Structures are given as C-alpha cells and as structure tokens.
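S.K.: Just one file: run-v3.cif, with mmCIF, C-alpha atoms.
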```cif
data_my_file
loop_
_atom_site.label_atom_id
_atom_site.label_comp_id
_atom_site.auth_asym_id
_atom_site.auth_seq_id
_atom_site.Cartn_x
_atom_site.Cartn_y
_atom_site.Cartn_z
CA MET A 65 14.02 -36.06 11.27
CA LYS A 66 15.06 -34.61 7.93
CA ILE A 67 13.57 -31.25 6.96
CA ILE A 68 12.54 -31.04 3.32
CA PRO A 69 12.34 -27.55 1.88
CA PHE A 70 8.77 -26.54 1.06
CA TYR A 71 9.76 -24.71 -2.12
CA THR A 72 13.00 -24.97 -4.03
CA ASN A 73 12.19 -23.07 -7.20
CA GLU A 74 12.15 -19.31 -6.55
CA LYS A 75 9.99 -18.53 -9.58
CA LEU A 76 7.39 -21.10 -8.53
CA LEU A 77 7.52 -19.77 -4.97
CA ILE A 78 6.90 -16.21 -6.16
CA LYS A 79 4.04 -17.27 -8.44
CA LYS A 80 2.35 -19.13 -5.57
CA ALA A 81 2.84 -16.11 -3.31
CA GLN A 82 1.32 -13.88 -6.02
CA LYS A 83 -1.80 -16.09 -5.86
CA GLY A 84 -2.03 -15.45 -2.12
CA ASN A 85 -0.51 -18.72 -0.88
CA ARG A 86 0.39 -17.95 2.76
CA ASP A 87 2.97 -20.75 2.99
CA ALA A 88 4.79 -19.37 -0.04
CA GLN A 89 4.68 -15.85 1.42
CA GLN A 90 6.05 -17.17 4.71
CA ALA A 91 8.85 -18.97 2.85
CA ILE A 92 9.76 -15.74 1.02
CA TYR A 93 9.75 -13.82 4.29
CA GLU A 94 11.94 -16.39 6.04
CA GLN A 95 14.36 -16.50 3.12
CA TYR A 96 14.81 -12.74 2.72
CA ALA A 97 14.12 -11.27 6.18
CA PRO A 98 17.69 -11.55 7.53
CA LYS A 99 19.19 -9.81 4.49
CA MET A 100 16.47 -7.17 4.38
CA LEU A 101 16.81 -6.42 8.08
CA SER A 102 20.46 -5.76 7.38
CA VAL A 103 19.47 -3.36 4.59
CA CYS A 104 17.07 -1.45 6.87
CA ARG A 105 19.63 -1.45 9.67
CA GLN A 106 22.12 0.36 7.44
CA TYR A 107 19.78 3.33 7.38
CA ILE A 108 18.16 3.11 10.81
CA LYS A 109 20.37 2.98 13.91
CA ASP A 110 17.88 1.38 16.28
CA ALA A 111 17.48 -2.32 15.47
CA HIS A 112 13.89 -2.38 16.76
CA PHE A 113 12.82 0.45 14.47
CA ALA A 114 14.74 -1.14 11.60
CA GLU A 115 12.80 -4.36 12.17
CA ASP A 116 9.50 -2.45 12.22
CA VAL A 117 10.41 -0.81 8.91
CA MET A 118 11.37 -4.18 7.43
CA VAL A 119 8.02 -5.71 8.42
CA THR A 120 6.14 -2.71 6.97
CA ALA A 121 8.17 -3.03 3.77
CA PHE A 122 7.37 -6.74 3.53
CA VAL A 123 3.68 -5.86 3.73
CA LYS A 124 4.29 -3.61 0.71
CA VAL A 125 6.22 -6.41 -1.00
CA PHE A 126 3.28 -8.79 -0.65
CA LYS A 127 0.69 -6.17 -1.61
CA GLY A 128 2.71 -5.28 -4.71
CA LEU A 129 3.82 -8.79 -5.60
CA GLN A 130 1.53 -8.82 -8.63
CA SER A 131 3.64 -6.05 -10.16
CA PHE A 132 6.83 -8.16 -10.08
CA GLU A 133 7.34 -9.23 -13.69
CA PHE A 134 10.34 -11.58 -13.32
CA LYS A 135 12.56 -9.04 -15.07
CA GLY A 136 15.71 -8.83 -13.01
CA SER A 137 16.41 -10.12 -9.55
CA PHE A 138 13.56 -10.66 -7.11
CA GLU A 139 15.95 -9.93 -4.23
CA GLY A 140 16.90 -6.64 -5.89
CA TRP A 141 13.22 -5.74 -6.26
CA VAL A 142 12.57 -6.47 -2.58
CA ARG A 143 15.74 -4.60 -1.59
CA ARG A 144 14.58 -1.44 -3.41
CA ILE A 145 11.32 -1.56 -1.47
CA MET A 146 13.29 -1.88 1.80
CA VAL A 147 15.50 1.10 0.89
CA ARG A 148 12.54 3.28 -0.05
CA GLU A 149 10.64 2.34 3.09
CA SER A 150 13.70 3.12 5.24
CA ILE A 151 14.02 6.53 3.61
CA THR A 152 10.29 7.16 4.07
CA TYR A 153 10.58 6.25 7.76
CA LEU A 154 13.50 8.65 8.27
CA ARG A 155 11.66 11.44 6.48
CA LYS A 156 8.57 10.94 8.63
CA LYS A 157 10.67 11.04 11.77
CA GLN A 158 12.47 14.12 10.40
CA PHE A 159 15.91 12.63 11.07
CA VAL A 160 17.29 13.66 7.70
CA VAL A 161 18.81 17.10 7.44
CA TYR A 162 21.13 18.26 4.69
CA ASP A 163 22.17 21.55 6.31
CA ASP A 164 25.77 21.32 7.54
CA GLU A 165 25.21 23.91 10.27
CA VAL A 166 22.53 21.81 11.98
CA PHE A 167 24.66 18.68 12.46
CA GLU A 168 25.91 17.77 15.86
CA LYS A 169 28.83 15.47 15.30
CA GLN A 170 28.48 12.13 16.96
CA GLN A 171 31.73 10.36 17.62
CA PRO A 172 31.87 6.60 17.59
CA SER A 173 33.29 4.96 20.69
CA TYR A 174 36.80 3.72 20.17
CA HIS A 175 37.87 0.30 21.24
CA SER A 176 41.12 -1.54 20.88
CA SER A 177 41.02 -3.59 17.73
CA THR A 178 43.58 -4.65 15.18
CA GLU A 179 40.88 -5.55 12.68
CA LEU A 180 37.77 -3.63 11.74
CA ASP A 181 34.83 -5.87 12.40
CA VAL A 182 31.45 -5.47 10.76
CA GLU A 183 29.80 -4.13 13.91
CA TYR A 184 32.49 -1.47 14.34
CA VAL A 185 32.17 -0.39 10.69
CA GLN A 186 28.41 -0.12 11.21
CA GLN A 187 29.07 2.04 14.30
CA LEU A 188 31.26 4.33 12.19
CA ILE A 189 28.53 4.63 9.57
CA ASP A 190 25.89 5.16 12.28
CA ALA A 191 27.97 8.02 13.71
CA LEU A 192 27.61 9.94 10.44
CA PRO A 193 24.96 12.65 10.32
CA GLU A 194 21.80 11.18 8.76
CA GLY A 195 22.12 13.06 5.46
CA TYR A 196 25.71 11.88 4.99
CA LYS A 197 24.78 8.37 6.05
CA MET A 198 21.87 7.95 3.64
CA VAL A 199 23.85 9.19 0.64
CA PHE A 200 26.88 7.10 1.63
CA VAL A 201 24.87 3.89 2.03
CA LEU A 202 22.88 4.45 -1.16
CA TYR A 203 26.05 5.12 -3.16
CA ALA A 204 28.74 2.91 -1.58
CA VAL A 205 26.65 -0.01 -0.34
CA GLU A 206 23.57 -0.12 -2.57
CA GLY A 207 25.32 1.06 -5.75
CA TYR A 208 22.95 3.88 -6.69
CA LYS A 209 24.22 6.66 -8.99
CA HIS A 210 24.11 10.29 -7.88
CA GLN A 211 21.18 11.05 -10.21
CA GLU A 212 19.17 8.19 -8.70
CA ILE A 213 20.04 9.31 -5.17
CA ALA A 214 19.00 12.87 -5.98
CA GLU A 215 15.62 11.66 -7.24
CA LEU A 216 15.09 9.29 -4.28
CA LEU A 217 15.93 11.89 -1.64
CA ASP A 218 14.57 14.90 -3.49
CA ILE A 219 17.93 16.69 -3.44
CA THR A 220 20.23 17.96 -6.19
CA VAL A 221 22.97 15.85 -7.75
CA GLY A 222 25.47 18.36 -6.34
CA THR A 223 24.12 17.85 -2.82
CA SER A 224 24.42 14.09 -3.26
CA LYS A 225 28.05 14.39 -4.35
CA SER A 226 28.82 16.83 -1.56
CA GLN A 227 27.22 14.62 1.11
CA LEU A 228 29.17 11.59 -0.16
CA SER A 229 32.43 13.50 -0.11
CA LYS A 230 31.81 14.75 3.42
CA ALA A 231 30.79 11.26 4.59
CA ARG A 232 33.99 9.76 3.20
CA LYS A 233 36.06 12.48 4.82
CA GLN A 234 34.42 11.98 8.21
CA LEU A 235 34.83 8.18 7.97
CA GLN A 236 38.52 8.63 7.15
CA GLU A 237 38.96 10.97 10.12
CA ASN A 238 37.23 8.51 12.44
CA LEU A 239 39.37 5.63 11.13
CA LYS A 240 42.48 7.74 11.69
CA LEU A 241 41.36 8.45 15.27
CA GLN A 242 40.79 4.72 15.76
CA LYS A 243 44.29 3.95 14.51
CA GLU A 244 45.76 6.55 16.87
CA PHE A 245 43.75 5.06 19.73
CA ASP A 246 45.03 1.57 18.87
CA ASN A 247 48.63 2.82 18.75
CA ARG A 248 48.31 4.52 22.15
CA THR A 249 46.80 1.44 23.80
CA MET A 250 49.54 -0.80 22.37
CA GLN A 251 52.23 1.49 23.77
CA GLN A 252 50.79 1.32 27.28
#
```
Now that the file is in, can you turn its structure into structure tokens?

M.R.:
Amino acid sequence: MKIIPFYTNEKLLIKKAQKGNRDAQQAIYEQYAPKMLSVCRQYIKDAHFAEDVMVTAFVKVFKGLQSFEFKGSFEGWVRRIMVRESITYLRKKQFVVYDDEVFEKQQPSYHSSTELDVEYVQQLIDALPEGYKMVFVLYAVEGYKHQEIAELLDITVGTSKSQLSKARKQLQENLKLQKEFDNRTMQQ
C-alpha cells in the first residue's frame, strides 16, 4: 500500500492548523517533533524531561499559532518556542547558576574513539555546568548574539561572553583529555 502525504504545502498545513484542524496539527507535530526534541535535549540532559518540555512547548505552539504571520521560517519560530520553554524549565528547576564557585565539575566518561560521534559530543556538552551549557548552546548551536542571550537569560552581555569563553575552554580541556586517553589505550 502506498502512503500519500496528507499535506504537502507547509503554508496550507499551517493555515489549516490555525483553524483548529487536528489532522493538520498532528502532521505539524510529526514533522517537527524529532528536530524539536533534539533542540530541547541540547539544554536538558534527561531525555524524558526533554520530551516533556517539547510536548509542553508544542502546546504553546498550537495555542499561539494564530500569531504566526508567515514572516520568516515556521521551523525557526517553533524552535524559538522550544528554546524558551527549555530555559523556563531549567529556571523552574533551579539548575542554572552563573556563580563559578558553586559549580561542581562533572567529567564526561572517556571511551576509546578515533572519531567524535554526535552522542559523545552531546556528553561533552552535557558535562558543562548548566550556565556554561546554556550560553554555549544558544551561541554556538542556535546562533544567538550575546545581547540576545543576555536578554533571554536575564544576565549581562559580559556574563554571556564570560560563560561562552569558559565553556569553550572546558570543552577544549575535555577534548584534550579524550585525546590523551585515546593515545594511552592505543599504546597498550
């Protein structure tokens, strides 16, 4: 049996979803959920909590769908909602701290690998303190500017730049440790 896509035109799909069409909303969810779960997962270590945040954010997407004006990318609009909801979740859970003295460094587990796979890179990012991680992901992955990050997280531009610098430094140190680990295991 050949499966025929229910909707092929994104604009038409969005307009139908704006009118409350459940099939169109389901199609949007199915199309964007995998990417948006990945976005939430970049901020939230636990995949189950990340999925909960994604579902909550999709509720906000559908409640606010009338405000989407077809200016710019729909995926980008949805992505911003996911990012904001992830940040809100972390704030509510009080995981985000920007005080360097409070951090307990988490070290990623090292495994023998000649290539850095996506899961390992995510582990390295997850090992960052939450403040470093949020600024790093917003800047390096999402493409936000320091001014935008400062406004989103209610911090100064200087704090944003400092957190990014420290995140990069810690990632470089962890990559160096990984390389040393790989060299030792190859010599054995």

S.K.: Can you pull out every residue within 12 Å of region 216-222 of chain A, counting all atoms listed in the file, but drop anything in the same chain fewer than 6 positions away, and send it as a PDB file with C-alpha atoms, in the frame of the given file?

M.R.:
```pdb
ATOM      1  CA  ARG A 144      14.580  -1.440  -3.410  1.00  0.00           C
ATOM      2  CA  ILE A 145      11.320  -1.560  -1.470  1.00  0.00           C
ATOM      3  CA  VAL A 147      15.500   1.100   0.890  1.00  0.00           C
ATOM      4  CA  ARG A 148      12.540   3.280  -0.050  1.00  0.00           C
ATOM      5  CA  GLU A 149      10.640   2.340   3.090  1.00  0.00           C
ATOM      6  CA  SER A 150      13.700   3.120   5.240  1.00  0.00           C
ATOM      7  CA  ILE A 151      14.020   6.530   3.610  1.00  0.00           C
ATOM      8  CA  THR A 152      10.290   7.160   4.070  1.00  0.00           C
ATOM      9  CA  LEU A 154      13.500   8.650   8.270  1.00  0.00           C
ATOM     10  CA  ARG A 155      11.660  11.440   6.480  1.00  0.00           C
ATOM     11  CA  VAL A 160      17.290  13.660   7.700  1.00  0.00           C
ATOM     12  CA  VAL A 161      18.810  17.100   7.440  1.00  0.00           C
ATOM     13  CA  TYR A 162      21.130  18.260   4.690  1.00  0.00           C
ATOM     14  CA  ASP A 163      22.170  21.550   6.310  1.00  0.00           C
ATOM     15  CA  GLU A 194      21.800  11.180   8.760  1.00  0.00           C
ATOM     16  CA  GLY A 195      22.120  13.060   5.460  1.00  0.00           C
ATOM     17  CA  TYR A 196      25.710  11.880   4.990  1.00  0.00           C
ATOM     18  CA  MET A 198      21.870   7.950   3.640  1.00  0.00           C
ATOM     19  CA  VAL A 199      23.850   9.190   0.640  1.00  0.00           C
ATOM     20  CA  LEU A 202      22.880   4.450  -1.160  1.00  0.00           C
ATOM     21  CA  TYR A 203      26.050   5.120  -3.160  1.00  0.00           C
ATOM     22  CA  TYR A 208      22.950   3.880  -6.690  1.00  0.00           C
ATOM     23  CA  LYS A 209      24.220   6.660  -8.990  1.00  0.00           C
ATOM     24  CA  HIS A 210      24.110  10.290  -7.880  1.00  0.00           C
ATOM     25  CA  LEU A 228      29.170  11.590  -0.160  1.00  0.00           C
ATOM     26  CA  SER A 229      32.430  13.500  -0.110  1.00  0.00           C
TER      27      SER A 229
END
```

S.K.: Can you measure CA of Leu77 (chain A) to CA of Phe113 (chain A) for me? One decimal in Å is fine.

M.R.: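 CA of Phe113 (chain A) lies at a distance of 28.5 Å from CA of Leu77 (chain A).
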
S.K.: Could you spell out the hits of the PyMOL selection byres ((chain A and resi 105-108) around 10) on the shown file, as a compact mmCIF listing (two decimals) with C-alpha atoms, keeping the file's coordinate frame?

M.R.:
```
# COMPACT_ATOMS: atom_id res chain seq x y z
CA LYS A 99 19.19 -9.81 4.49
CA MET A 100 16.47 -7.17 4.38
CA LEU A 101 16.81 -6.42 8.08
CA SER A 102 20.46 -5.76 7.38
CA VAL A 103 19.47 -3.36 4.59
CA CYS A 104 17.07 -1.45 6.87
CA LYS A 109 20.37 2.98 13.91
CA ASP A 110 17.88 1.38 16.28
CA ALA A 111 17.48 -2.32 15.47
CA HIS A 112 13.89 -2.38 16.76
CA PHE A 113 12.82 0.45 14.47
CA ALA A 114 14.74 -1.14 11.60
CA GLU A 115 12.80 -4.36 12.17
CA VAL A 117 10.41 -0.81 8.91
CA MET A 118 11.37 -4.18 7.43
CA VAL A 147 15.50 1.10 0.89
CA SER A 150 13.70 3.12 5.24
CA ILE A 151 14.02 6.53 3.61
CA TYR A 153 10.58 6.25 7.76
CA LEU A 154 13.50 8.65 8.27
CA PHE A 159 15.91 12.63 11.07
CA GLN A 186 28.41 -0.12 11.21
CA GLN A 187 29.07 2.04 14.30
CA ILE A 189 28.53 4.63 9.57
CA ASP A 190 25.89 5.16 12.28
CA GLU A 194 21.80 11.18 8.76
CA LYS A 197 24.78 8.37 6.05
CA MET A 198 21.87 7.95 3.64
CA VAL A 199 23.85 9.19 0.64
CA PHE A 200 26.88 7.10 1.63
CA VAL A 201 24.87 3.89 2.03
CA LEU A 202 22.88 4.45 -1.16
CA VAL A 205 26.65 -0.01 -0.34
```
